[in-house]
Amino acid sequence: MTEQYVWGLHEVDERQIAIVGGKGAHLGALTRIDGIRVPPGFCVTTDAFRRIMAEAPSIDDRLDQLSRLKPDDREAIRALSAEIRRTIEGTALPDEVAAGISRALAQVGEGAAYAVRSSATAEDLPTASFAGQQDTYLNVIGTAAILRHVSRCWASLFTERAVIYRLRNGIDQGSVQMAVVVQKMVFPQASGVLFTADPVTSNRKIASVEASFGLGEALVSGLVNADAYKVRNGVIVDRAIATKRLAVHALPAGGTTEQAIDPARQEQPALTDAQVVRLVELGRRIEAHFGHPQDIEWCLVDDDLQIVQSRPITTLFPVPEIGDGENHVFISVGHQQMMTDPMKPLGLSMWQLTAMAPMYAAGGRLFVDATRALASPSSRAGLLEMAGRSDPLVRDALETVIDRGDFIPSLPDPTPAAPRAGGAPAPIETDPAIVTDLIERSQASLADLRRDIATTSGPALFDFLLAAFQEHKRLLGDPRSMQAIMAGMEATWWLNEQLQAWLGEKNAADTLTLSAPNNVTSEMGLALLDVADVIRPHAEVVAFLQKVEDEGFLDELATLPGGREARDVIRAFLDRYGMRCVGEIDITRPRWSERPSTLVPVILDNVRNFEPGARERRFDQGRREAERKEQDVLERLRALPDGEQKADETKRMIRRVRTFIGYREYPKYAIISRYFVYKQALLAEAERLVRANVLRESEDIFYLTFQELHDVVRTHRADDQLIDRRRNAFRSYHALTPPRVLTSEGEGITGAYRRDDVPAGALVGLPVSGGVVEGRARVVLDLADADLEPGDILVTAYTDPSWSPLFVAIAGLVTEVGGLMTHGAVIAREYGLPSVVGVERATRLIRDGQRIRVHGTDGHVEILD
């Protein structure tokens, strides 16, 4: 049955990826698009690959060995993958496969030259690109040579780089199949690459063309600089003509060679302007067919543009879908919430249902649409002021869009009777009882939620939760709560601005807010010091905790001397703080109560690094420093003209900031406490669905939205394929970096610090907690991997409240994401840690173990070695 081994390109399209691989399927689809020319050819199918793998000796055992290796075990991967390649190339093609290829060659042209290209089934997908992972052979002539190169393509599935790529991306080594595309060679005057979205800015409206003389291998392999064009709406908006000294051409007997280009032609364009525009028009047609921006390889033969490959551009961050055709500007929610990792669908939809503003999902992240706020002068000023105080990079990015002049529509200011968007809430008296009352009301609401949800299940649970979300938003939007939060923030800004103006003091509020009361996040970090105090005297408990590997360790503790007390103190901590975890805004993330082993390394660090009673000493020390700073500031103010008045104003503002700044952390704690109640109820429903054989496992619900889960509970029917697609998409989102600001054209705008006061070579960021500290950098990407010593400086991507237990053991903090009033900044000030946040690519530019100096007052980081 030779038909199953060879299919013509004209017989396949993107639905046959499992048969002809991504490259073959896309080429087949291209042949069906009106006006697109594709060189003729055929595909050797994955059935042929499976046949050869079945006949290759001992291949399954070697694949099993390969799957068990770690990505960094390079020597073992190199040796084993080379052995697999030799085995595949040394296995004779079955007669039926060879005969099928020979017949296809006779139809296309037996004596012609061909390109023989690998086409893997996990290649050229919208969520994953394997570009360059397998091999391509050009200008192959003769049946015997083509058969030999088909075997080489199959073997190239197991190159070292392809194996490592799959290991790093969690792709089973045996699950990827290999087809081969055999395509008639074209011998072009010019060739190159077309991106239907700008690969640098991600702007979907701008196409990028690269062109050089001869075959495209010169460009792809980096031998030559290419001519580069940017095209928008059919007009070339930017061009750079390169000096092209080399070209790759085909040899008559097969293979390719590099040839020097005549000096008179080296600076001539490889394409005319008309050809560039026509190429982009073809690219737009291809993009429309596939529904994704494309990375297209093309050739020019006698003014005829031919397409030899098209694959999705997988590095672009997706654009939130609004669908009105208007321009929009989106701000990243993750950069405000200190969680820029992707969220699962249930997490996204739960945050959308409980947030105070409409939010749009893209790439596993959430965004708010700032277009309307930016359109009128007064609301724009309020948004830019708030953004500038919180994260200057967001403000600069927004101003970049505004300065273009024509992207955002202009709207008149609202009438005077209307409230100003983003306006400050009404003033509030400085009364500690306000904070106490807000906390008590929140706790009472949580108790009601826990009581009432316990008796609710099935479809009724979802109606109950929708009502609970309204209470959730009522608490979040309580005007009194908003007034308390703003009072603390505005008092901080007032102190910093006035004391710098009057005394030349930078960031004086950092010290004045040390050990402020009612800060539930800083209290949590200090509470783990008390846990360490209980555990420290019991050597067997400490030794046991050093070997913990599973989540049942708390019950095992009770059998050890001192273990009962250790278990009880950990459980008491979890009763209060166990709803927290890294990335806690995503309800699907495992909480500390669900995975208490996460806390063990931090507890052991505290046992090792601190003496008994450290909690009380740390808090008292901060309080005394704040008192001393207050006395010092007031004395110096009184010596100034109008000093008594300045001192009285400052004293009132210090009292105000210490009354309210701690409460800044409480609403998030209340939200996450409610989230854990919601999650437990939904997981209970999931367990019932698993027992009823509706779901395969309870965590399948994480890949459904809230409404989809409601439908599954109501109908007892689940779409396993949808869940699997969502799981794969979520995995792919980890490779995407969300921009702070994103336009509806797909352009991600990072923003820049417009400063000239930073030493050469220093990394610039936002100063959020004053002081200067020098120490060893510990680059930590996962809280569970933290191994900190006193005096270390923590360098990480972001810190949400769950990271605060680490803050008690470090001397400084550097993060890639953050703002003046985000959680990490507030806690750093509470603990008196010099901190700089918003340092772009800090975890890549600073190496673990390097000595660095953090200038928390001036906002930069020096790398000292």
# chains A, B, ... in the order shown; residues from 1 in each chain; ligands from 1
$ residues_around --residues "stretch 295-306 of chain A" --least-positions-apart "4" --cutoff "6 Å" --atoms "only C-alpha atoms" --output "PDB file with all heavy atoms, in the first residue's frame"
ATOM      1  N   ARG A  37       2.240  30.903  -5.521  1.00  0.00           N
ATOM      2  CA  ARG A  37       2.991  29.902  -6.282  1.00  0.00           C
ATOM      3  C   ARG A  37       3.906  29.127  -5.349  1.00  0.00           C
ATOM      4  O   ARG A  37       4.674  29.711  -4.593  1.00  0.00           O
ATOM      5  CB  ARG A  37       3.834  30.607  -7.362  1.00  0.00           C
ATOM      6  CG  ARG A  37       3.027  31.307  -8.444  1.00  0.00           C
ATOM      7  CD  ARG A  37       2.441  30.315  -9.436  1.00  0.00           C
ATOM      8  NE  ARG A  37       3.479  29.422  -9.967  1.00  0.00           N
ATOM      9  CZ  ARG A  37       4.335  29.749 -10.937  1.00  0.00           C
ATOM     10  NH1 ARG A  37       4.271  30.958 -11.503  1.00  0.00           N
ATOM     11  NH2 ARG A  37       5.240  28.890 -11.359  1.00  0.00           N
ATOM     12  N   VAL A  38       3.822  27.780  -5.422  1.00  0.00           N
ATOM     13  CA  VAL A  38       4.630  26.890  -4.590  1.00  0.00           C
ATOM     14  C   VAL A  38       5.315  25.888  -5.513  1.00  0.00           C
ATOM     15  O   VAL A  38       4.636  25.254  -6.347  1.00  0.00           O
ATOM     16  CB  VAL A  38       3.748  26.138  -3.555  1.00  0.00           C
ATOM     17  CG1 VAL A  38       4.601  25.178  -2.731  1.00  0.00           C
ATOM     18  CG2 VAL A  38       3.031  27.121  -2.650  1.00  0.00           C
ATOM     19  N   PRO A 188      16.828  30.836  -7.740  1.00  0.00           N
ATOM     20  CA  PRO A 188      16.338  32.220  -7.759  1.00  0.00           C
ATOM     21  C   PRO A 188      17.435  33.254  -7.982  1.00  0.00           C
ATOM     22  O   PRO A 188      18.604  33.033  -7.668  1.00  0.00           O
ATOM     23  CB  PRO A 188      15.744  32.371  -6.358  1.00  0.00           C
ATOM     24  CG  PRO A 188      16.596  31.481  -5.493  1.00  0.00           C
ATOM     25  CD  PRO A 188      16.973  30.318  -6.359  1.00  0.00           C
ATOM     26  N   GLN A 189      17.001  34.410  -8.507  1.00  0.00           N
ATOM     27  CA  GLN A 189      17.889  35.576  -8.529  1.00  0.00           C
ATOM     28  C   GLN A 189      18.031  36.156  -7.111  1.00  0.00           C
ATOM     29  O   GLN A 189      19.097  36.664  -6.754  1.00  0.00           O
ATOM     30  CB  GLN A 189      17.322  36.668  -9.450  1.00  0.00           C
ATOM     31  CG  GLN A 189      17.410  36.352 -10.929  1.00  0.00           C
ATOM     32  CD  GLN A 189      16.193  35.562 -11.390  1.00  0.00           C
ATOM     33  OE1 GLN A 189      15.103  35.775 -10.891  1.00  0.00           O
ATOM     34  NE2 GLN A 189      16.386  34.636 -12.316  1.00  0.00           N
ATOM     35  N   ALA A 190      16.960  36.077  -6.350  1.00  0.00           N
ATOM     36  CA  ALA A 190      16.974  36.607  -4.977  1.00  0.00           C
ATOM     37  C   ALA A 190      16.040  35.758  -4.129  1.00  0.00           C
ATOM     38  O   ALA A 190      15.146  35.076  -4.640  1.00  0.00           O
ATOM     39  CB  ALA A 190      16.533  38.072  -4.957  1.00  0.00           C
ATOM     40  N   SER A 191      16.241  35.817  -2.841  1.00  0.00           N
ATOM     41  CA  SER A 191      15.391  35.077  -1.907  1.00  0.00           C
ATOM     42  C   SER A 191      15.521  35.721  -0.535  1.00  0.00           C
ATOM     43  O   SER A 191      16.352  36.611  -0.321  1.00  0.00           O
ATOM     44  CB  SER A 191      15.800  33.604  -1.851  1.00  0.00           C
ATOM     45  OG  SER A 191      17.175  33.500  -1.532  1.00  0.00           O
ATOM     46  N   GLY A 192      14.682  35.259   0.375  1.00  0.00           N
ATOM     47  CA  GLY A 192      14.759  35.831   1.712  1.00  0.00           C
ATOM     48  C   GLY A 192      13.591  35.431   2.574  1.00  0.00           C
ATOM     49  O   GLY A 192      12.957  34.391   2.359  1.00  0.00           O
ATOM     50  N   VAL A 193      13.300  36.299   3.531  1.00  0.00           N
ATOM     51  CA  VAL A 193      12.297  36.018   4.551  1.00  0.00           C
ATOM     52  C   VAL A 193      11.336  37.202   4.622  1.00  0.00           C
ATOM     53  O   VAL A 193      11.745  38.362   4.500  1.00  0.00           O
ATOM     54  CB  VAL A 193      12.959  35.799   5.932  1.00  0.00           C
ATOM     55  CG1 VAL A 193      11.915  35.483   6.991  1.00  0.00           C
ATOM     56  CG2 VAL A 193      13.988  34.678   5.862  1.00  0.00           C
ATOM     57  N   LEU A 194      10.061  36.895   4.815  1.00  0.00           N
ATOM     58  CA  LEU A 194       9.035  37.912   5.044  1.00  0.00           C
ATOM     59  C   LEU A 194       8.347  37.590   6.363  1.00  0.00           C
ATOM     60  O   LEU A 194       7.868  36.467   6.561  1.00  0.00           O
ATOM     61  CB  LEU A 194       8.010  37.883   3.899  1.00  0.00           C
ATOM     62  CG  LEU A 194       6.623  38.471   4.183  1.00  0.00           C
ATOM     63  CD1 LEU A 194       6.711  39.961   4.459  1.00  0.00           C
ATOM     64  CD2 LEU A 194       5.676  38.200   3.023  1.00  0.00           C
ATOM     65  N   PHE A 195       8.322  38.541   7.267  1.00  0.00           N
ATOM     66  CA  PHE A 195       7.536  38.429   8.504  1.00  0.00           C
ATOM     67  C   PHE A 195       6.309  39.326   8.343  1.00  0.00           C
ATOM     68  O   PHE A 195       6.458  40.530   8.081  1.00  0.00           O
ATOM     69  CB  PHE A 195       8.343  38.887   9.718  1.00  0.00           C
ATOM     70  CG  PHE A 195       9.551  38.047  10.009  1.00  0.00           C
ATOM     71  CD1 PHE A 195      10.800  38.436   9.546  1.00  0.00           C
ATOM     72  CD2 PHE A 195       9.452  36.875  10.740  1.00  0.00           C
ATOM     73  CE1 PHE A 195      11.928  37.672   9.805  1.00  0.00           C
ATOM     74  CE2 PHE A 195      10.570  36.098  11.008  1.00  0.00           C
ATOM     75  CZ  PHE A 195      11.808  36.492  10.538  1.00  0.00           C
ATOM     76  N   SER A 310       6.124  28.467   4.995  1.00  0.00           N
ATOM     77  CA  SER A 310       5.418  29.445   5.826  1.00  0.00           C
ATOM     78  C   SER A 310       5.117  28.795   7.159  1.00  0.00           C
ATOM     79  O   SER A 310       4.603  27.675   7.209  1.00  0.00           O
ATOM     80  CB  SER A 310       4.112  29.885   5.147  1.00  0.00           C
ATOM     81  OG  SER A 310       3.479  30.908   5.901  1.00  0.00           O
ATOM     82  N   ARG A 311       5.472  29.494   8.213  1.00  0.00           N
ATOM     83  CA  ARG A 311       5.204  28.963   9.555  1.00  0.00           C
ATOM     84  C   ARG A 311       4.706  30.104  10.439  1.00  0.00           C
ATOM     85  O   ARG A 311       4.996  31.278  10.165  1.00  0.00           O
ATOM     86  CB  ARG A 311       6.472  28.352  10.163  1.00  0.00           C
ATOM     87  CG  ARG A 311       7.582  29.340  10.431  1.00  0.00           C
ATOM     88  CD  ARG A 311       8.706  28.721  11.261  1.00  0.00           C
ATOM     89  NE  ARG A 311       9.500  27.806  10.485  1.00  0.00           N
ATOM     90  CZ  ARG A 311      10.585  28.146   9.787  1.00  0.00           C
ATOM     91  NH1 ARG A 311      10.966  29.419   9.730  1.00  0.00           N
ATOM     92  NH2 ARG A 311      11.272  27.260   9.120  1.00  0.00           N
ATOM     93  N   PRO A 312       3.952  29.800  11.495  1.00  0.00           N
ATOM     94  CA  PRO A 312       3.504  30.862  12.400  1.00  0.00           C
ATOM     95  C   PRO A 312       4.689  31.487  13.127  1.00  0.00           C
ATOM     96  O   PRO A 312       5.686  30.802  13.419  1.00  0.00           O
ATOM     97  CB  PRO A 312       2.590  30.134  13.401  1.00  0.00           C
ATOM     98  CG  PRO A 312       2.324  28.793  12.804  1.00  0.00           C
ATOM     99  CD  PRO A 312       3.477  28.469  11.926  1.00  0.00           C
ATOM    100  N   ILE A 313       4.590  32.778  13.404  1.00  0.00           N
ATOM    101  CA  ILE A 313       5.573  33.439  14.277  1.00  0.00           C
ATOM    102  C   ILE A 313       5.096  33.185  15.717  1.00  0.00           C
ATOM    103  O   ILE A 313       4.069  33.717  16.138  1.00  0.00           O
ATOM    104  CB  ILE A 313       5.661  34.948  14.007  1.00  0.00           C
ATOM    105  CG1 ILE A 313       5.906  35.232  12.530  1.00  0.00           C
ATOM    106  CG2 ILE A 313       6.781  35.568  14.847  1.00  0.00           C
ATOM    107  CD1 ILE A 313       5.866  36.712  12.170  1.00  0.00           C
TER     108      ILE A 313
END
$ closest_atom_pairs --of "stretch 407-518 of chain A" --to "stretch 320-326 of chain A" --cutoff "10 Å" --atoms "only C-alpha atoms" --output "CSV"
residue,atom,partner,partner_atom,distance
A:Phe407,CA,A:Glu326,CA,9.5
A:Ile408,CA,A:Glu326,CA,9.3
A:Pro409,CA,A:Glu326,CA,9.4
$ write_last_selection --atoms "N, CA and C atoms" --output "CSV table (one decimal), in the first residue's frame"
chain,number,residue,atom,x,y,z
A,407,PHE,N,-2.8,58.0,17.3
A,407,PHE,CA,-3.2,56.6,17.6
A,407,PHE,C,-4.4,56.5,18.5
A,408,ILE,N,-4.5,57.4,19.5
A,408,ILE,CA,-5.6,57.5,20.5
A,408,ILE,C,-6.5,58.6,20.1
A,409,PRO,N,-7.8,58.3,20.0
A,409,PRO,CA,-8.8,59.4,19.7
A,409,PRO,C,-8.9,60.4,20.8
$ closest_atom_pairs --of "stretch 384-490 of chain A" --to "stretch 827-839 of chain A" --cutoff "9 Å" --atoms "only C-alpha atoms" --output "CSV"
residue,atom,partner,partner_atom,distance
A:Asp391,CA,A:Gly838,CA,7.6
A:Pro392,CA,A:Gly838,CA,8.8
A:Leu393,CA,A:Gly838,CA,7.8
$ write_last_selection --atoms "all heavy atoms" --output "mmCIF file, in the first residue's frame"
data_model
loop_
_atom_site.group_PDB
_atom_site.id
_atom_site.type_symbol
_atom_site.label_atom_id
_atom_site.label_comp_id
_atom_site.auth_asym_id
_atom_site.auth_seq_id
_atom_site.Cartn_x
_atom_site.Cartn_y
_atom_site.Cartn_z
ATOM 1 N N ASP A 391 5.006 53.029 38.510
ATOM 2 C CA ASP A 391 5.986 52.376 37.649
ATOM 3 C C ASP A 391 6.316 53.324 36.494
ATOM 4 O O ASP A 391 5.563 53.425 35.527
ATOM 5 C CB ASP A 391 5.404 51.065 37.114
ATOM 6 C CG ASP A 391 6.410 50.267 36.290
ATOM 7 O OD1 ASP A 391 7.423 50.838 35.867
ATOM 8 O OD2 ASP A 391 6.160 49.068 36.066
ATOM 9 N N PRO A 392 7.436 54.041 36.579
ATOM 10 C CA PRO A 392 7.783 55.015 35.538
ATOM 11 C C PRO A 392 7.866 54.405 34.142
ATOM 12 O O PRO A 392 7.664 55.107 33.156
ATOM 13 C CB PRO A 392 9.153 55.542 35.986
ATOM 14 C CG PRO A 392 9.195 55.300 37.453
ATOM 15 C CD PRO A 392 8.421 54.039 37.683
ATOM 16 N N LEU A 393 8.168 53.104 34.047
ATOM 17 C CA LEU A 393 8.247 52.485 32.733
ATOM 18 C C LEU A 393 6.874 52.428 32.066
ATOM 19 O O LEU A 393 6.757 52.586 30.849
ATOM 20 C CB LEU A 393 8.838 51.073 32.841
ATOM 21 C CG LEU A 393 10.315 51.003 33.250
ATOM 22 C CD1 LEU A 393 10.763 49.561 33.374
ATOM 23 C CD2 LEU A 393 11.196 51.744 32.256
#
$ closest_residue --among "A:Lys70, A:Arg656, A:Arg740, A:Arg714" --to "A:Thr430" --atoms "only C-alpha atoms"
A:Arg656
$ atom_distance --atom1 "atom CA of A:Pro57" --atom2 "atom CA of A:Ala82"
14.5 Å
$ residues_around --residues "A:Val108" --least-positions-apart "4" --cutoff "8 Å" --atoms "only C-alpha atoms" --output "tab-separated table (two decimals) with N, CA and C atoms, in the first residue's frame"
chain	number	residue	atom	x	y	z
A	40	PRO	N	6.52	22.50	-7.08
A	40	PRO	CA	5.88	21.19	-6.92
A	40	PRO	C	6.71	20.23	-6.09
A	41	GLY	N	6.02	19.23	-5.51
A	41	GLY	CA	6.74	18.25	-4.71
A	41	GLY	C	5.79	17.28	-4.03
A	104	ALA	N	6.83	8.95	-7.21
A	104	ALA	CA	6.54	10.38	-7.08
A	104	ALA	C	7.58	11.21	-7.81
A	184	LYS	N	10.73	20.30	-5.62
A	184	LYS	CA	11.57	20.68	-6.76
A	184	LYS	C	12.29	21.99	-6.46
$ select_by_dssp --residues "stretch 26-253 of chain A" --states "strand (DSSP E)" --output "PyMOL selection string"
chain A and resi 41-44+113-120+136-141+178-184+190-195+206-213+227-232+235-240+246-250
$ residues_around --residues "A:Gly234" --least-positions-apart "4" --cutoff "8 Å" --atoms "only C-alpha atoms" --output "list in words"
Val277, Val280 and Glu281 of chain A
$ closest_atom_pairs --of "stretch 606-676 of chain A" --to "stretch 787-807 of chain A" --cutoff "12 Å" --atoms "only C-alpha atoms" --output "CSV"
residue,atom,partner,partner_atom,distance
A:Asn606,CA,A:Leu806,CA,9.0
A:Val607,CA,A:Glu789,CA,11.5
A:Arg608,CA,A:Glu789,CA,8.9
A:Asn609,CA,A:Pro790,CA,6.7
A:Phe610,CA,A:Pro790,CA,8.9
A:Arg615,CA,A:Pro805,CA,11.6
A:Arg618,CA,A:Phe807,CA,11.7
A:Arg664,CA,A:Pro801,CA,11.8
A:Glu665,CA,A:Pro801,CA,8.5
A:Tyr666,CA,A:Pro801,CA,10.7
A:Pro667,CA,A:Pro801,CA,11.9
A:Lys668,CA,A:Pro801,CA,8.8
A:Tyr669,CA,A:Pro801,CA,8.7
A:Ile672,CA,A:Pro801,CA,10.6
$ write_last_selection --atoms "all heavy atoms" --output "tab-separated table (two decimals), in the first residue's frame"
chain	number	residue	atom	x	y	z
A	606	ASN	N	15.63	30.00	58.46
A	606	ASN	CA	15.42	30.78	59.68
A	606	ASN	C	16.02	30.08	60.89
A	606	ASN	O	16.57	30.74	61.79
A	606	ASN	CB	13.92	31.02	59.91
A	606	ASN	CG	13.35	32.04	58.94
A	606	ASN	OD1	14.07	32.71	58.23
A	606	ASN	ND2	12.03	32.13	58.90
A	607	VAL	N	15.92	28.76	60.95
A	607	VAL	CA	16.53	27.99	62.04
A	607	VAL	C	18.03	28.22	62.04
A	607	VAL	O	18.66	28.43	63.09
A	607	VAL	CB	16.21	26.49	61.89
A	607	VAL	CG1	17.09	25.65	62.82
A	607	VAL	CG2	14.73	26.23	62.18
A	608	ARG	N	18.63	28.21	60.85
A	608	ARG	CA	20.09	28.32	60.73
A	608	ARG	C	20.59	29.74	60.94
A	608	ARG	O	21.64	29.98	61.55
A	608	ARG	CB	20.51	27.81	59.34
A	608	ARG	CG	22.01	27.79	59.11
A	608	ARG	CD	22.36	27.23	57.74
A	608	ARG	NE	22.06	28.15	56.66
A	608	ARG	CZ	21.11	27.95	55.77
A	608	ARG	NH1	20.35	26.87	55.83
A	608	ARG	NH2	20.90	28.84	54.80
A	609	ASN	N	19.84	30.72	60.46
A	609	ASN	CA	20.36	32.09	60.36
A	609	ASN	C	20.01	33.01	61.53
A	609	ASN	O	20.56	34.10	61.63
A	609	ASN	CB	19.85	32.75	59.07
A	609	ASN	CG	20.42	32.08	57.82
A	609	ASN	OD1	21.50	31.51	57.85
A	609	ASN	ND2	19.67	32.13	56.73
A	610	PHE	N	19.06	32.60	62.41
A	610	PHE	CA	18.58	33.51	63.45
A	610	PHE	C	18.67	32.89	64.83
A	610	PHE	O	18.64	31.66	64.99
A	610	PHE	CB	17.13	33.93	63.16
A	610	PHE	CG	16.98	34.76	61.93
A	610	PHE	CD1	16.66	34.17	60.71
A	610	PHE	CD2	17.20	36.13	61.96
A	610	PHE	CE1	16.55	34.93	59.56
A	610	PHE	CE2	17.08	36.90	60.82
A	610	PHE	CZ	16.76	36.30	59.62
A	615	ARG	N	11.97	37.50	66.04
A	615	ARG	CA	10.78	38.23	65.57
A	615	ARG	C	10.59	39.53	66.36
A	615	ARG	O	10.47	40.61	65.79
A	615	ARG	CB	9.54	37.35	65.71
A	615	ARG	CG	8.25	38.12	65.46
A	615	ARG	CD	7.03	37.35	66.01
A	615	ARG	NE	5.85	38.19	65.93
A	615	ARG	CZ	4.81	37.98	65.13
A	615	ARG	NH1	4.81	36.95	64.33
A	615	ARG	NH2	3.77	38.78	65.14
A	618	ARG	N	13.37	42.09	65.77
A	618	ARG	CA	13.31	42.75	64.47
A	618	ARG	C	12.23	43.84	64.47
A	618	ARG	O	12.45	44.94	63.98
A	618	ARG	CB	13.00	41.72	63.36
A	618	ARG	CG	14.14	40.80	63.02
A	618	ARG	CD	15.26	41.54	62.29
A	618	ARG	NE	14.86	42.06	61.01
A	618	ARG	CZ	14.98	41.43	59.85
A	618	ARG	NH1	15.54	40.23	59.82
A	618	ARG	NH2	14.59	42.00	58.73
A	664	ARG	N	-2.48	48.86	53.62
A	664	ARG	CA	-2.27	48.69	52.17
A	664	ARG	C	-2.20	47.21	51.79
A	664	ARG	O	-2.63	46.82	50.71
A	664	ARG	CB	-0.97	49.41	51.79
A	664	ARG	CG	-0.36	49.04	50.44
A	664	ARG	CD	-1.15	49.64	49.30
A	664	ARG	NE	-0.58	49.29	48.01
A	664	ARG	CZ	-0.76	48.14	47.39
A	664	ARG	NH1	-1.50	47.21	47.94
A	664	ARG	NH2	-0.22	47.90	46.19
A	665	GLU	N	-1.70	46.37	52.68
A	665	GLU	CA	-1.52	44.95	52.38
A	665	GLU	C	-2.76	44.11	52.68
A	665	GLU	O	-2.83	42.96	52.25
A	665	GLU	CB	-0.34	44.40	53.20
A	665	GLU	CG	1.00	44.95	52.77
A	665	GLU	CD	1.37	44.48	51.37
A	665	GLU	OE1	1.56	43.28	51.16
A	665	GLU	OE2	1.42	45.34	50.46
A	666	TYR	N	-3.72	44.66	53.44
A	666	TYR	CA	-4.81	43.81	53.92
A	666	TYR	C	-5.81	43.41	52.83
A	666	TYR	O	-6.23	42.23	52.79
A	666	TYR	CB	-5.56	44.45	55.10
A	666	TYR	CG	-6.42	43.41	55.79
A	666	TYR	CD1	-5.87	42.58	56.76
A	666	TYR	CD2	-7.74	43.22	55.41
A	666	TYR	CE1	-6.63	41.58	57.34
A	666	TYR	CE2	-8.51	42.22	55.99
A	666	TYR	CZ	-7.95	41.41	56.95
A	666	TYR	OH	-8.69	40.41	57.51
A	667	PRO	N	-6.27	44.31	51.96
A	667	PRO	CA	-7.26	43.90	50.97
A	667	PRO	C	-6.80	42.71	50.12
A	667	PRO	O	-7.61	41.82	49.81
A	667	PRO	CB	-7.45	45.16	50.12
A	667	PRO	CG	-7.17	46.28	51.08
A	667	PRO	CD	-6.04	45.78	51.92
A	668	LYS	N	-5.53	42.65	49.74
A	668	LYS	CA	-5.03	41.50	48.96
A	668	LYS	C	-5.13	40.23	49.79
A	668	LYS	O	-5.52	39.16	49.27
A	668	LYS	CB	-3.58	41.77	48.54
A	668	LYS	CG	-2.93	40.69	47.68
A	668	LYS	CD	-3.42	40.80	46.25
A	668	LYS	CE	-2.62	39.90	45.31
A	668	LYS	NZ	-1.30	40.43	44.99
A	669	TYR	N	-4.78	40.32	51.06
A	669	TYR	CA	-4.89	39.16	51.96
A	669	TYR	C	-6.35	38.69	52.03
A	669	TYR	O	-6.63	37.49	51.98
A	669	TYR	CB	-4.38	39.55	53.35
A	669	TYR	CG	-4.60	38.53	54.44
A	669	TYR	CD1	-3.75	37.43	54.57
A	669	TYR	CD2	-5.64	38.67	55.34
A	669	TYR	CE1	-3.95	36.51	55.58
A	669	TYR	CE2	-5.84	37.75	56.36
A	669	TYR	CZ	-4.99	36.66	56.47
A	669	TYR	OH	-5.19	35.74	57.47
A	672	ILE	N	-7.33	36.93	48.73
A	672	ILE	CA	-6.75	35.60	48.58
A	672	ILE	C	-7.38	34.63	49.59
A	672	ILE	O	-7.52	33.43	49.30
A	672	ILE	CB	-5.21	35.67	48.74
A	672	ILE	CG1	-4.63	36.61	47.68
A	672	ILE	CG2	-4.59	34.30	48.65
A	672	ILE	CD1	-5.03	36.30	46.25
$ decode --residues "stretch 89-98 of chain A" --atoms "N, CA and C atoms" --output "PDB file, in the first residue's frame"
ATOM      1  N   GLU A  89      19.976   5.896  10.002  1.00  0.00           N
ATOM      2  CA  GLU A  89      20.584   6.037   8.673  1.00  0.00           C
ATOM      3  C   GLU A  89      21.081   4.698   8.142  1.00  0.00           C
ATOM      4  N   GLY A  90      21.397   3.779   9.051  1.00  0.00           N
ATOM      5  CA  GLY A  90      21.905   2.465   8.629  1.00  0.00           C
ATOM      6  C   GLY A  90      20.824   1.444   8.357  1.00  0.00           C
ATOM      7  N   THR A  91      19.549   1.808   8.597  1.00  0.00           N
ATOM      8  CA  THR A  91      18.442   0.890   8.357  1.00  0.00           C
ATOM      9  C   THR A  91      17.918   1.098   6.935  1.00  0.00           C
ATOM     10  N   ALA A  92      17.888   0.016   6.137  1.00  0.00           N
ATOM     11  CA  ALA A  92      17.470   0.123   4.734  1.00  0.00           C
ATOM     12  C   ALA A  92      16.005   0.521   4.631  1.00  0.00           C
ATOM     13  N   LEU A  93      15.689   1.385   3.659  1.00  0.00           N
ATOM     14  CA  LEU A  93      14.295   1.762   3.428  1.00  0.00           C
ATOM     15  C   LEU A  93      13.521   0.536   2.952  1.00  0.00           C
ATOM     16  N   PRO A  94      12.357   0.283   3.536  1.00  0.00           N
ATOM     17  CA  PRO A  94      11.517  -0.814   3.027  1.00  0.00           C
ATOM     18  C   PRO A  94      11.220  -0.611   1.544  1.00  0.00           C
ATOM     19  N   ASP A  95      11.060  -1.714   0.808  1.00  0.00           N
ATOM     20  CA  ASP A  95      10.864  -1.636  -0.639  1.00  0.00           C
ATOM     21  C   ASP A  95       9.656  -0.777  -1.006  1.00  0.00           C
ATOM     22  N   GLU A  96       8.551  -0.905  -0.211  1.00  0.00           N
ATOM     23  CA  GLU A  96       7.346  -0.150  -0.545  1.00  0.00           C
ATOM     24  C   GLU A  96       7.575   1.358  -0.429  1.00  0.00           C
ATOM     25  N   VAL A  97       8.374   1.769   0.578  1.00  0.00           N
ATOM     26  CA  VAL A  97       8.653   3.194   0.770  1.00  0.00           C
ATOM     27  C   VAL A  97       9.517   3.702  -0.387  1.00  0.00           C
ATOM     28  N   ALA A  98      10.583   2.970  -0.712  1.00  0.00           N
ATOM     29  CA  ALA A  98      11.477   3.377  -1.798  1.00  0.00           C
ATOM     30  C   ALA A  98      10.722   3.440  -3.126  1.00  0.00           C
TER      31      ALA A  98
END
